[in-house]
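coords-v2.csv, holding CSV, C-alpha atoms:
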chain,number,residue,atom,x,y,z
A,168,MET,CA,19.5,5.8,1.7
A,169,ASP,CA,17.9,9.1,2.7
A,170,ALA,CA,15.7,8.8,5.9
A,171,ARG,CA,14.6,12.5,5.9
A,172,PRO,CA,10.9,13.0,6.7
A,173,GLY,CA,10.3,14.1,3.1
A,174,SER,CA,12.2,11.2,1.5
A,175,LEU,CA,10.7,7.9,0.3
A,176,LEU,CA,12.6,6.0,3.1
A,177,GLY,CA,11.2,8.5,5.6
A,178,HIS,CA,7.7,7.8,4.3
A,179,LEU,CA,8.3,4.1,4.6
A,180,ALA,CA,9.6,4.5,8.1
A,181,HIS,CA,6.5,6.5,9.1
A,182,LEU,CA,4.1,3.9,7.7
A,183,ALA,CA,6.2,1.2,9.4
A,184,HIS,CA,5.8,3.1,12.7
A,185,LEU,CA,2.0,3.2,12.1
A,186,ALA,CA,2.0,-0.6,11.4
A,187,HIS,CA,4.2,-1.2,14.5
A,188,ARG,CA,1.8,0.7,16.7
A,189,ALA,CA,-1.3,-1.0,15.1
A,190,HIS,CA,0.2,-4.5,15.6
A,191,ARG,CA,1.9,-3.7,18.9
A,192,ALA,CA,4.9,-5.7,17.6
A,193,PRO,CA,8.1,-5.8,19.7
A,194,ALA,CA,10.3,-5.1,16.6
A,195,PRO,CA,11.4,-1.5,15.9
A,196,PRO,CA,9.5,0.1,13.0
A,197,VAL,CA,12.3,-0.1,10.4
A,198,LEU,CA,12.7,-3.8,11.1
A,199,LEU,CA,8.9,-4.2,10.5
A,200,VAL,CA,9.3,-2.8,7.0
A,201,LEU,CA,12.1,-5.3,6.3
A,202,VAL,CA,9.8,-8.1,7.7
A,203,LEU,CA,7.0,-7.0,5.4
A,204,SER,CA,9.4,-7.1,2.5
A,205,SER,CA,10.4,-10.7,3.2
A,206,ALA,CA,7.0,-11.9,4.3
A,207,CYS,CA,5.2,-10.5,1.3
A,208,GLY,CA,7.4,-11.5,-1.6
A,209,SER,CA,5.7,-12.7,-4.7
A,210,SER,CA,5.9,-16.2,-6.0
A,211,SER,CA,5.5,-17.7,-9.4
A,212,SER,CA,2.2,-19.5,-8.8
A,213,GLY,CA,0.1,-16.3,-8.6
A,214,THR,CA,-2.4,-17.8,-6.2
A,215,PRO,CA,-3.7,-15.5,-3.4
A,216,ALA,CA,-2.2,-17.7,-0.6
A,217,ASP,CA,1.1,-17.9,-2.4
A,218,GLN,CA,1.2,-14.2,-3.6
A,219,PRO,CA,-0.1,-11.9,-0.8
A,220,CYS,CA,1.4,-8.8,-2.4
A,221,ALA,CA,1.0,-7.7,-6.0
A,222,LEU,CA,0.0,-4.5,-7.7
A,223,SER,CA,-0.4,-3.6,-11.4
A,224,MET,CA,-1.4,0.0,-11.8
A,225,PRO,CA,-1.0,1.9,-15.1
A,226,VAL,CA,-0.4,5.6,-14.6
A,227,SER,CA,0.2,8.5,-17.1
A,228,GLY,CA,0.7,12.2,-17.0
A,229,GLY,CA,3.1,13.3,-14.2
A,230,MET,CA,4.5,9.7,-14.2
A,231,SER,CA,4.1,7.2,-17.1
A,232,ALA,CA,4.6,3.6,-16.0
A,233,THR,CA,2.8,0.5,-14.8
A,234,LEU,CA,3.4,0.7,-11.0
A,235,SER,CA,4.0,-2.7,-9.5
A,236,GLY,CA,4.5,-3.8,-6.0
A,237,SER,CA,5.7,-7.1,-4.8
A,238,SER,CA,6.1,-5.9,-1.1
A,239,CYS,CA,3.1,-4.7,0.8
A,240,GLY,CA,1.6,-4.1,4.2
A,241,GLU,CA,-1.2,-2.6,6.1
A,242,SER,CA,-1.7,-0.3,9.1
A,243,GLY,CA,-4.7,-0.8,11.3
A,244,GLU,CA,-6.7,-2.4,8.5
A,245,SER,CA,-7.5,1.1,7.2
A,246,VAL,CA,-4.3,1.6,5.0
A,247,LEU,CA,-3.0,-0.8,2.4
A,248,PHE,CA,0.4,0.0,0.8
A,249,TRP,CA,2.7,-1.5,-1.9
A,250,THR,CA,6.3,-0.9,-3.0
A,251,GLY,CA,9.0,-2.7,-5.0
A,252,ALA,CA,10.7,-5.8,-3.6
A,253,GLN,CA,13.8,-3.7,-2.6
A,254,LEU,CA,11.6,-1.0,-0.9
A,255,ASP,CA,12.7,1.3,-3.7
A,256,GLY,CA,9.3,2.7,-4.7
A,257,PRO,CA,7.4,4.1,-6.1
A,258,PHE,CA,5.3,3.7,-3.1
A,259,VAL,CA,1.4,3.5,-3.3
A,260,ASP,CA,-0.8,3.7,-0.3
A,261,VAL,CA,-4.6,3.6,-0.1
A,262,GLY,CA,-6.5,4.9,2.9
A,263,PHE,CA,-10.1,4.0,4.0
A,264,ALA,CA,-12.4,5.8,6.4
A,265,THR,CA,-13.1,2.6,8.3
A,266,PRO,CA,-11.0,-0.6,8.8
A,267,ILE,CA,-11.4,-3.5,6.5
A,268,ALA,CA,-12.8,-6.6,8.2
A,269,GLY,CA,-11.4,-10.1,7.7
A,270,GLY,CA,-13.5,-11.9,5.1
A,271,GLN,CA,-15.0,-8.6,3.8
A,272,THR,CA,-15.6,-8.4,0.0
A,273,GLY,CA,-17.4,-5.9,-2.2
A,274,THR,CA,-16.8,-2.3,-3.2
A,275,LEU,CA,-14.7,-0.2,-0.8
A,276,VAL,CA,-14.6,3.6,-1.2
A,277,VAL,CA,-11.1,4.9,-0.9
A,278,GLN,CA,-10.6,8.0,1.2
A,279,GLN,CA,-7.3,8.7,-0.5
A,280,LEU,CA,-4.9,7.1,-2.9
A,281,ARG,CA,-1.3,8.4,-2.6
A,282,ILE,CA,1.7,7.8,-4.9
A,283,THR,CA,5.2,8.8,-3.6
A,284,ALA,CA,8.3,8.6,-5.7
A,285,ASN,CA,11.9,9.8,-5.4
A,286,GLY,CA,12.3,13.2,-6.9
A,287,ALA,CA,15.3,14.4,-8.9
A,288,ASP,CA,16.6,16.2,-5.8
A,289,GLY,CA,16.6,13.0,-3.8
A,290,GLY,CA,13.6,14.0,-1.8
A,291,ALA,CA,10.1,12.5,-2.1
A,292,GLN,CA,7.5,13.8,-4.6
A,293,GLY,CA,3.9,12.9,-3.9
A,294,TRP,CA,0.5,12.9,-5.6
A,295,GLN,CA,-2.9,12.3,-4.0
A,296,THR,CA,-6.4,11.7,-5.3
A,297,PRO,CA,-9.3,13.7,-3.9
A,298,ALA,CA,-11.5,11.9,-1.3
A,299,ASN,CA,-13.8,9.3,-2.7
A,300,ALA,CA,-12.2,9.5,-6.2
A,301,CYS,CA,-11.3,5.8,-6.2
A,302,THR,CA,-12.9,2.5,-5.3
A,303,LEU,CA,-11.5,-1.0,-4.7
A,304,ASP,CA,-13.6,-4.1,-5.6
A,305,VAL,CA,-12.4,-6.8,-3.3
A,306,THR,CA,-13.4,-10.1,-5.0
A,307,SER,CA,-11.7,-12.4,-2.5
A,308,SER,CA,-10.7,-12.2,1.2
A,309,THR,CA,-9.2,-15.5,2.2
A,310,SER,CA,-7.9,-16.4,5.7
A,311,SER,CA,-4.2,-17.2,5.3
A,312,PRO,CA,-2.4,-17.0,8.7
A,313,ASP,CA,1.4,-17.5,8.8
A,314,ALA,CA,4.1,-17.4,11.4
A,315,THR,CA,4.3,-13.6,11.4
A,316,PHE,CA,0.7,-12.5,10.7
A,317,LYS,CA,-1.5,-14.8,12.8
A,318,ASN,CA,-4.9,-13.3,11.6
A,319,ARG,CA,-3.8,-12.6,8.0
A,320,TYR,CA,-6.4,-12.3,5.2
A,321,ILE,CA,-5.3,-12.1,1.6
A,322,LEU,CA,-7.4,-9.6,-0.4
A,323,VAL,CA,-7.6,-9.8,-4.2
A,324,GLY,CA,-9.4,-7.4,-6.5
A,325,SER,CA,-9.3,-4.5,-8.8
A,326,GLY,CA,-9.5,-0.7,-8.5
A,327,THR,CA,-10.6,2.3,-10.4
A,328,CYS,CA,-10.2,6.1,-10.1
A,329,THR,CA,-12.5,8.7,-11.6
A,330,GLN,CA,-10.2,11.7,-10.9
A,331,PRO,CA,-6.4,12.1,-11.2
A,332,ALA,CA,-4.0,12.3,-8.3
A,333,ALA,CA,-2.9,15.9,-7.9
A,334,PRO,CA,0.7,16.8,-7.2
A,335,ASP,CA,1.5,17.9,-3.6
A,336,PRO,CA,2.4,21.5,-2.9
A,337,GLY,CA,6.0,22.0,-4.1
A,338,ASN,CA,5.8,19.1,-6.5
A,339,PRO,CA,6.3,20.5,-10.0
A,340,GLY,CA,5.0,17.4,-11.6
A,341,ALA,CA,1.7,17.2,-13.6
A,342,PRO,CA,-1.3,15.3,-12.2
A,343,ILE,CA,-1.2,11.5,-12.6
A,344,THR,CA,-4.1,9.7,-14.3
A,345,ILE,CA,-4.6,6.2,-12.7
A,346,GLY,CA,-5.9,3.5,-15.0
A,347,ASP,CA,-7.9,0.5,-13.8
A,348,PHE,CA,-5.6,-1.7,-11.7
A,349,THR,CA,-5.4,-5.1,-10.0
A,350,PHE,CA,-4.0,-5.9,-6.6
A,351,HIS,CA,-3.3,-8.6,-4.0
A,352,ALA,CA,-2.9,-7.2,-0.4
A,353,PHE,CA,-3.3,-8.4,3.1
A,354,ILE,CA,-4.8,-7.3,6.4
A,355,ASP,CA,-4.0,-8.7,9.8
A,356,PRO,CA,-6.9,-7.9,12.1
A,357,PRO,CA,-6.4,-8.0,15.9

Write-out of the structure in structure tokens:
Amino acid sequence: MDARPGSLLGHLAHLAHLAHRAHRAPAPPVLLVLVLSSACGSSSSGTPADQPCALSMPVSGGMSATLSGSSCGESGESVLFWTGAQLDGPFVDVGFATPIAGGQTGTLVVQQLRITANGADGGAQGWQTPANACTLDVTSSTSSPDATFKNRYILVGSGTCTQPAAPDPGNPGAPITIGDFTFHAFIDPP
């Protein structure tokens, strides 16, 4: 796997480092990503407590697929992210101007929504929405601590974007239109 700064693995390692710093965990950042993968796997029941990580996001244009994520994490309660069970992308992260509080529901304005995928050259290709182009409607925020995340809250809701995600400089891909999507994610406030 390629761990260069521009690669998908490099992006995951950077976000794991942010999560490591936010949680002050003793494990090295790459191990934290592996912990997130095993701690956030989906189950067949589909209930928020049993399935803390899920994403179903239809996209078209520069990428045509329904992005799904069965592994997820957060960084300082102001970034939520999802990827495949094998940390193989595409990788979706959503940033907020202020941290999400445990138990908080309602509409959250997204500062940025970013999609990162492996490019044909093995490097990462990214797309990002303009500020405030997307919102998340958190319909449930349920306390669900476990052995790893002592203050975990499972967030369930839906999202919408009014503008496409533009390709990063150097990305030859077309803009990505993001359809209405659903998610399960978690935060672990201090």

Compile the contact shell of range 224-227 of chain A as an MDAnalysis selection string: residues with an atom at most 6 Å away, counting only C-alpha atoms, same-chain residues fewer than 4 positions apart removed. chainID A and resid 231:234 343:346 348

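Interatomic distance, CA of Val277 in chain A to CA of Phe248 in chain A: 12.6 Å.
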
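Each of A:Ser237, A:Thr302, A:Thr272, A:Thr283 was checked against Val323 in chain A using all atoms listed in the file; the smallest atom-to-atom distance is that of A:Thr272.
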
What is the CA of Gln292 in chain A-CA of Pro339 in chain A distance in Å, reported with one decimal?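 Between these atoms lies a distance of 8.7 Å.
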
Is it possible to get the residues within 10 Å of (-0.6, -12.7, 11.9) (coordinates as in the file, counting all atoms listed in the file) written as a list in words?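 Residues found, by chain and rising number: His190, Ser311, Pro312, Asp313, Ala314, Thr315, Phe316, Lys317, Asn318, Arg319, Tyr320, Ile354, Asp355, Pro356 and Pro357 of chain A.
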
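Once Glu244 in chain A and its same-chain neighbours fewer than 3 positions away are set aside, Ala189, Glu241, Leu247, Phe263, Thr265, Pro266, Ile267, Ala268, Phe353, Ile354, Asp355 and Pro356 of chain A remain within 9 Å of it when counting all atoms listed in the file.
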
Report, in Å to a single decimal, how far apart CA of Gly243 in chain A and CA of Thr329 in chain A are. 26.0 Å

Under the rule that all atoms listed in the file are counted, which of A:Gly256, A:Pro336, A:Gly269, A:Gly324 is the nearest residue to Phe350 in chain A? A:Gly324

For Gln295 in chain A, which of A:Gly229, A:Ala352, A:Gly236, A:Thr274 is the closest residue, counting only C-alpha atoms?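 Selected residue with least distance to Gln295 in chain A: A:Gly229.
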
Among listed residues A:Cys328, A:Leu303, A:Val259, A:Ile321, nearest Val276 in chain A (using only C-alpha atoms):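 Looking at the shortest contact to Val276 in chain A, the residue is A:Leu303.
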
Find the residues around Gln279 in chain A up to 6 Å (only C-alpha atoms counted), leave out those fewer than 5 positions away in its own chain, and share them as a list in words.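 In the requested form, the answer reads Val261, Gly262, Thr296 and Ala298 of chain A.
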
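Nearest to Ser325 in chain A of all the residues A:Leu275, A:Ala287, A:Ile282, A:Ala264 is A:Leu275, based on all atoms listed in the file.
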
Please determine, counting all atoms listed in the file, which residue among A:Ser223, A:Gly293, A:His351, A:Leu280 has the shortest atom-to-atom distance to Ser308 in chain A.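 Under the stated criterion, the closest residue is A:His351.
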
Could I get range 292-321 of chain A rebuilt with N, CA and C atoms, written as a tab-separated table (two decimals), keeping the file's coordinate frame?
chain	number	residue	atom	x	y	z
A	292	GLN	N	8.56	13.03	-3.90
A	292	GLN	CA	7.50	13.80	-4.60
A	292	GLN	C	6.23	12.97	-4.44
A	293	GLY	N	5.13	13.63	-4.10
A	293	GLY	CA	3.90	12.90	-3.90
A	293	GLY	C	2.74	13.46	-4.71
A	294	TRP	N	1.78	12.58	-4.94
A	294	TRP	CA	0.50	12.90	-5.60
A	294	TRP	C	-0.58	12.23	-4.81
A	295	GLN	N	-1.74	12.86	-4.76
A	295	GLN	CA	-2.90	12.30	-4.00
A	295	GLN	C	-4.17	12.56	-4.71
A	296	THR	N	-5.05	11.55	-4.69
A	296	THR	CA	-6.40	11.70	-5.30
A	296	THR	C	-7.27	12.47	-4.30
A	297	PRO	N	-8.32	13.10	-4.82
A	297	PRO	CA	-9.30	13.70	-3.90
A	297	PRO	C	-10.05	12.56	-3.16
A	298	ALA	N	-10.67	12.90	-2.06
A	298	ALA	CA	-11.50	11.90	-1.30
A	298	ALA	C	-12.54	11.32	-2.18
A	299	ASN	N	-12.72	10.02	-2.03
A	299	ASN	CA	-13.80	9.30	-2.70
A	299	ASN	C	-13.63	9.20	-4.23
A	300	ALA	N	-12.44	9.50	-4.77
A	300	ALA	CA	-12.20	9.50	-6.20
A	300	ALA	C	-11.94	8.05	-6.72
A	301	CYS	N	-11.62	7.13	-5.81
A	301	CYS	CA	-11.30	5.80	-6.20
A	301	CYS	C	-12.09	4.76	-5.43
A	302	THR	N	-12.26	3.58	-6.00
A	302	THR	CA	-12.90	2.50	-5.30
A	302	THR	C	-12.06	1.21	-5.54
A	303	LEU	N	-12.12	0.31	-4.57
A	303	LEU	CA	-11.50	-1.00	-4.70
A	303	LEU	C	-12.67	-2.02	-4.69
A	304	ASP	N	-12.64	-2.96	-5.60
A	304	ASP	CA	-13.60	-4.10	-5.60
A	304	ASP	C	-12.86	-5.30	-5.12
A	305	VAL	N	-13.09	-5.67	-3.86
A	305	VAL	CA	-12.40	-6.80	-3.30
A	305	VAL	C	-13.27	-8.05	-3.65
A	306	THR	N	-12.70	-8.92	-4.49
A	306	THR	CA	-13.40	-10.10	-5.00
A	306	THR	C	-13.17	-11.32	-4.11
A	307	SER	N	-12.07	-11.29	-3.33
A	307	SER	CA	-11.70	-12.40	-2.50
A	307	SER	C	-11.03	-11.91	-1.23
A	308	SER	N	-11.40	-12.46	-0.07
A	308	SER	CA	-10.70	-12.20	1.20
A	308	SER	C	-10.61	-13.50	1.92
A	309	THR	N	-9.43	-14.10	1.80
A	309	THR	CA	-9.20	-15.50	2.20
A	309	THR	C	-8.30	-15.51	3.47
A	310	SER	N	-8.73	-16.23	4.50
A	310	SER	CA	-7.90	-16.40	5.70
A	310	SER	C	-6.65	-17.17	5.32
A	311	SER	N	-5.48	-16.61	5.69
A	311	SER	CA	-4.20	-17.20	5.30
A	311	SER	C	-3.15	-16.85	6.37
A	312	PRO	N	-3.33	-17.31	7.62
A	312	PRO	CA	-2.40	-17.00	8.70
A	312	PRO	C	-0.99	-17.58	8.38
A	313	ASP	N	0.05	-16.91	8.87
A	313	ASP	CA	1.40	-17.50	8.80
A	313	ASP	C	2.10	-17.19	10.11
A	314	ALA	N	3.38	-17.49	10.19
A	314	ALA	CA	4.10	-17.40	11.40
A	314	ALA	C	4.20	-15.92	11.93
A	315	THR	N	4.21	-14.96	11.02
A	315	THR	CA	4.30	-13.60	11.40
A	315	THR	C	2.98	-12.91	11.61
A	316	PHE	N	2.03	-13.18	10.72
A	316	PHE	CA	0.70	-12.50	10.70
A	316	PHE	C	-0.35	-13.59	11.08
A	317	LYS	N	-0.67	-13.70	12.34
A	317	LYS	CA	-1.50	-14.80	12.80
A	317	LYS	C	-2.97	-14.71	12.37
A	318	ASN	N	-3.46	-13.51	12.02
A	318	ASN	CA	-4.90	-13.30	11.60
A	318	ASN	C	-4.94	-12.82	10.16
A	319	ARG	N	-3.94	-13.12	9.35
A	319	ARG	CA	-3.80	-12.60	8.00
A	319	ARG	C	-4.97	-13.02	7.09
A	320	TYR	N	-5.48	-12.05	6.32
A	320	TYR	CA	-6.40	-12.30	5.20
A	320	TYR	C	-5.79	-11.74	3.96
A	321	ILE	N	-5.79	-12.54	2.88
A	321	ILE	CA	-5.30	-12.10	1.60
A	321	ILE	C	-6.48	-11.50	0.82
